[in-house]
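Novice: Would you mind keeping the following structure in view while I ask a few things?
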Amino acid sequence: MRRTCLNSIHELARRDPRVVYVGSDPSPGTLDGMKAEIPDRFLIEGIAEAHVIGLAAGLAMEGFVPYVNTIATFLTRRCYDQIAVDLCMHNLRARLIGNGAGLVYAPLGPTHQAIEDIAIMRALPNMTVVAPADADEMRRLMEQTLDWPGPIYIRLAKGGDPIVSRETDGFEIGQAILLRDPEDVAIVACGVMVDRALAAADILAEEGIGCGVVNMHTIKPLDVASLNLFADRVRLIVTLEEHSGVGGLAAAVLEALSDRVHVAMPRVLKLALPDRFVHKYGSQDGLLARLGLTPESIAATIGRVLARGSTGAPQPAFA
Amino acid sequence: MPNLIHDPLTIPLDARSKALRRLIMDALLAAGRGHVGPAMSLVEILRVLYDDVLKLRPKEPDWPGRDRCILSKGHGCLALYAVLADRGFFPKRELQRFCADDGILGGHPERGLVPGVEASTGALGHGLSIGVGMGLAARLRKRANRVFVVLGDGELNEGSVWEAAMSAAKHGLSSLTAIVDNNRLQSYGPVAEVMPMAPLADKFRSFGFVVEEVNGHDVDALRAAFRRLPFVREQPSAVICNTVKGKGVPPAEHNAAWHHRARLNDEELGAIRAALGGK
């Protein structure tokens, strides 16, 4: 997904003279092709995230479309004031591409694990937040980033994630994609958790539970219309994200549902990372397993909650 | 004995400098509040920029060929508002709605609301990076416009300023000039005590700038310095303007208590009026 994203920037830069790549201190060889072909619009600005965002704002004020790329934690936390004031207040066409969001950098520890990036980015007025499910969806997203008004935060997973999106579904920023029709349950997922949601739905299907899957790739602006379409038809809505349970996809969904003040709240099960730094290493999959977010544990939790009916309180996802 | 010509405290203000300060006063009177000291130290810097240096079209503030000027120390905006109004970017009567709920002139300047304001500032340490981006944009477009960023000396505490300085030097941005309103006082007290920035000129030099120091209230000296820009090719320039916080308003001069004032009383407003003349 990361390579697809960077290659897309190069492709876009070939087609459109407004596109500028702005990196901080990426891996050697990053976008060498673009550097050779379009050196003027390939900027490496060093380990200085606050400056990088301000510089991108200056470019965007002059009509360029900067694509800023660095590790997600540094891109979102280190320069939050610059993102808020320089990009969001001015509502500029800048694109922030956060590498290794979620638990991708598991072995590198919590300094590199972006578990609250969605929360802090979507809290900012004017910011659009997108977490594509796979590399194919990333390519479709990138096509739309040239002229989307205002800043976009794009959450990158690692490379080699399974392809679960379908060309035939198309892609529009802000429009959810229904991957499997909801019956008893609907899982609303984003990013690489869409893959886990589909696998969990398969397991539930074997148990006779009809589980829909919605790819909510855009967390802001949330596709409230699509959410409302099935919210009252299912027994349970499940939110699933590789992100803290504070402020992410779950919060976006719950806020949208609670805005329907004239309708009773549907039951919502929040499956997310715990509200704590993860002081364990290993791999992304290993940490997801430890935190109860494998397809098997997702399916088991959903089955358990459904079995308790409407009177029981849901179990914590990761007791 | 201080040299009377080069001492920013004692240099006299001419009629235009006093008139601009009276415009600031109009806004202060209307709102009963404002960053008094940080505006008064800026007046001559902005006056010379907007009178003699910047390429601009007040009736066409978005003219692509204009020079960009960012007031990075956004809290000095009263001086910018006075100069922009005086140059005809917007009617002077707007100054009387400073900080009014439906006015365009807030306590910090906003791009898109105020004609002539290039960037919304108020959070310190942002302007120089934006200026670097604008300078690179001009280079990409092969446009000759220049970029001026006006910073406060207290603002230089922010590390992001020095990140931007490194980048400006790396890119050899001779179209970019950092102008420091070196009034030596920040909110809490003297810069030398809060967070010493000395040796300031050497700091900028070591970051790759060509630096000149000038009396920031001496209109002729400012004009001469700005006309020599860029000081050399392929390097960014810095002009350190030695100024007096609150210049021209005796109770405010060199007085940290006058950094920001709300609920100015009649006695204080009278002192300002007495110093600046006019109605």
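Lettering and numbering for the structure tokens are positional, with chains as A, B, ... in the shown order, residues counted from 1 in each chain, and ligands counted from 1 in the shown order.
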Pull out every residue of chain A that has at least one atom within 12 Å of chain B, counting only C-alpha atoms, and report them as a count of residues only.
Specialist: 50
Novice: DSSP on the backbone: which residues in stretch 184-248 of chain B end up as strand (DSSP E or B)? Give the answer as a ChimeraX atom specification.
Specialist: /B:185,190,210-215,237-242
Novice: Can you write out the residues you just picked, keeping N, CA and C atoms, as a compact mmCIF listing (two decimals), in the first residue's frame?
Specialist:
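Saved to selection-v3.txt:
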```
# COMPACT_ATOMS: atom_id res chain seq x y z
N LEU B 185 11.70 42.62 24.55
CA LEU B 185 10.77 42.30 25.63
C LEU B 185 9.78 41.26 25.12
N PRO B 190 12.04 40.72 30.01
CA PRO B 190 13.11 40.84 29.01
C PRO B 190 13.45 39.50 28.36
N VAL B 210 22.40 35.98 5.52
CA VAL B 210 23.22 37.19 5.52
C VAL B 210 22.44 38.22 6.33
N VAL B 211 23.09 38.82 7.31
CA VAL B 211 22.37 39.59 8.32
C VAL B 211 22.82 41.04 8.34
N GLU B 212 21.85 41.94 8.47
CA GLU B 212 22.18 43.34 8.78
C GLU B 212 21.35 43.77 9.98
N GLU B 213 21.93 44.63 10.79
CA GLU B 213 21.19 45.20 11.91
C GLU B 213 20.89 46.65 11.60
N VAL B 214 19.72 47.10 12.05
CA VAL B 214 19.32 48.46 11.71
C VAL B 214 18.46 49.01 12.86
N ASN B 215 18.46 50.31 13.00
CA ASN B 215 17.56 50.95 13.94
C ASN B 215 16.13 50.83 13.37
N SER B 237 18.14 36.41 3.48
CA SER B 237 18.59 37.60 4.22
C SER B 237 17.82 37.72 5.53
N ALA B 238 18.47 38.32 6.52
CA ALA B 238 17.78 38.66 7.76
C ALA B 238 18.10 40.10 8.10
N VAL B 239 17.07 40.86 8.45
CA VAL B 239 17.27 42.23 8.92
C VAL B 239 16.79 42.28 10.37
N ILE B 240 17.74 42.51 11.26
CA ILE B 240 17.38 42.60 12.67
C ILE B 240 17.15 44.07 12.99
N CYS B 241 15.90 44.39 13.30
CA CYS B 241 15.51 45.77 13.54
C CYS B 241 15.46 46.01 15.04
N ASN B 242 16.38 46.81 15.52
CA ASN B 242 16.38 47.11 16.95
C ASN B 242 15.31 48.15 17.23
```
Novice: List the spatial neighbours of stretch 85-89 of chain B as JSON, numbers by chain - criterion: any atom at most 12 Å away, only C-alpha atoms, same-chain residues fewer than 5 positions off excluded.
Specialist: {"B": [16, 17, 19, 20, 21, 22, 23, 24, 26, 27, 46, 47, 48, 49, 50, 51, 52, 54, 56, 57, 58, 59, 60, 61, 62, 77, 78, 79, 80, 94, 95, 96, 105, 113, 114, 115, 116, 117]}
Novice: Would you list the contacts of A:Pro162 as a list in words, taking every protein, DNA or RNA residue within 9 Å and counting only C-alpha atoms, but skipping same-chain residues closer than 5 positions in sequence?
Specialist: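 Within the cut-off, the hits are Ala133, Asp134, Ala135, Val192 and Asp195 of chain A.
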Novice: Got a sec: who's within 10 Å of A:Leu108, counting only C-alpha atoms, leaving out chain neighbours fewer than 3 positions off, as an MDAnalysis selection string?
Specialist: chainID A and resid 103:105 111:113 279:283
Novice: Next, write the just-selected residues to a file, as a PDB file, in the first residue's frame, keeping C-alpha atoms as the atom set.
Specialist:
```pdb
ATOM      1  CA  LEU A 103       0.402  -1.223  14.920  1.00  0.00           C
ATOM      2  CA  VAL A 104       2.447  -1.633  11.723  1.00  0.00           C
ATOM      3  CA  TYR A 105       5.615  -0.594  13.537  1.00  0.00           C
ATOM      4  CA  THR A 111       6.766   5.900  19.912  1.00  0.00           C
ATOM      5  CA  HIS A 112       6.057   4.588  16.411  1.00  0.00           C
ATOM      6  CA  GLN A 113       2.562   3.197  16.891  1.00  0.00           C
ATOM      7  CA  HIS A 279       4.514  -1.846  25.541  1.00  0.00           C
ATOM      8  CA  LYS A 280       4.829  -5.096  23.628  1.00  0.00           C
ATOM      9  CA  TYR A 281       6.706  -5.735  20.411  1.00  0.00           C
ATOM     10  CA  GLY A 282       6.632  -8.607  17.962  1.00  0.00           C
ATOM     11  CA  SER A 283       4.473  -8.070  14.885  1.00  0.00           C
TER      12      SER A 283
END
```
Novice: If we count only C-alpha atoms, what is near B:Pro12 at a cut-off of 9 Å, once residues fewer than 5 positions away on the same chain are taken out, given as a VMD selection string?
Specialist: chain B and resid 217 to 218 248
Novice: Could you please determine the separation between atom CA of B:Ile272 and atom CA of B:Ile11 in Å, to one decimal place?
Specialist: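 Distance reported for this atom pair: 17.7 Å.
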Novice: Tell me which protein, DNA and RNA residues are within 8 Å of A:Ala157, counting only C-alpha atoms, leaving out same-chain ones fewer than 3 positions away, and put them as a compact mmCIF listing (two decimals) with N, CA and C atoms, in the first residue's frame.
Specialist:
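In the end it all went to result_16.txt:
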```txt
# COMPACT_ATOMS: atom_id res chain seq x y z
N MET A 1 0.83 -1.20 0.00
CA MET A 1 0.00 0.00 0.00
C MET A 1 0.87 1.26 0.00
N ARG A 2 1.97 1.18 0.76
CA ARG A 2 2.84 2.34 0.84
C ARG A 2 3.48 2.63 -0.51
N ASN A 99 2.82 7.11 7.34
CA ASN A 99 3.34 5.75 7.19
C ASN A 99 3.12 4.93 8.45
N GLY A 100 2.78 3.67 8.23
CA GLY A 100 2.79 2.71 9.34
C GLY A 100 1.82 3.04 10.44
N ALA A 101 0.61 3.44 10.06
CA ALA A 101 -0.37 3.78 11.09
C ALA A 101 -0.84 2.51 11.81
N GLY A 102 -1.47 2.70 12.95
CA GLY A 102 -1.88 1.54 13.74
C GLY A 102 -0.66 0.86 14.35
N VAL A 104 1.51 -1.15 12.75
CA VAL A 104 2.45 -1.63 11.72
C VAL A 104 3.87 -1.68 12.27
N ASP A 134 -6.70 -1.40 1.26
CA ASP A 134 -5.60 -2.12 0.63
C ASP A 134 -4.97 -1.26 -0.46
N ASP A 161 -0.56 -6.19 2.27
CA ASP A 161 -1.83 -6.59 2.88
C ASP A 161 -2.74 -7.20 1.81
N GLY A 191 -9.54 0.69 7.01
CA GLY A 191 -8.15 0.28 6.90
C GLY A 191 -8.02 -1.24 6.80
N VAL A 192 -6.93 -1.76 7.33
CA VAL A 192 -6.66 -3.20 7.19
C VAL A 192 -7.66 -4.05 7.97
```
Novice: Work out how far atom CA of B:Leu151 is from atom CA of B:His108, in Å to one decimal.
Specialist: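 Distance between the two atoms: 14.0 Å.
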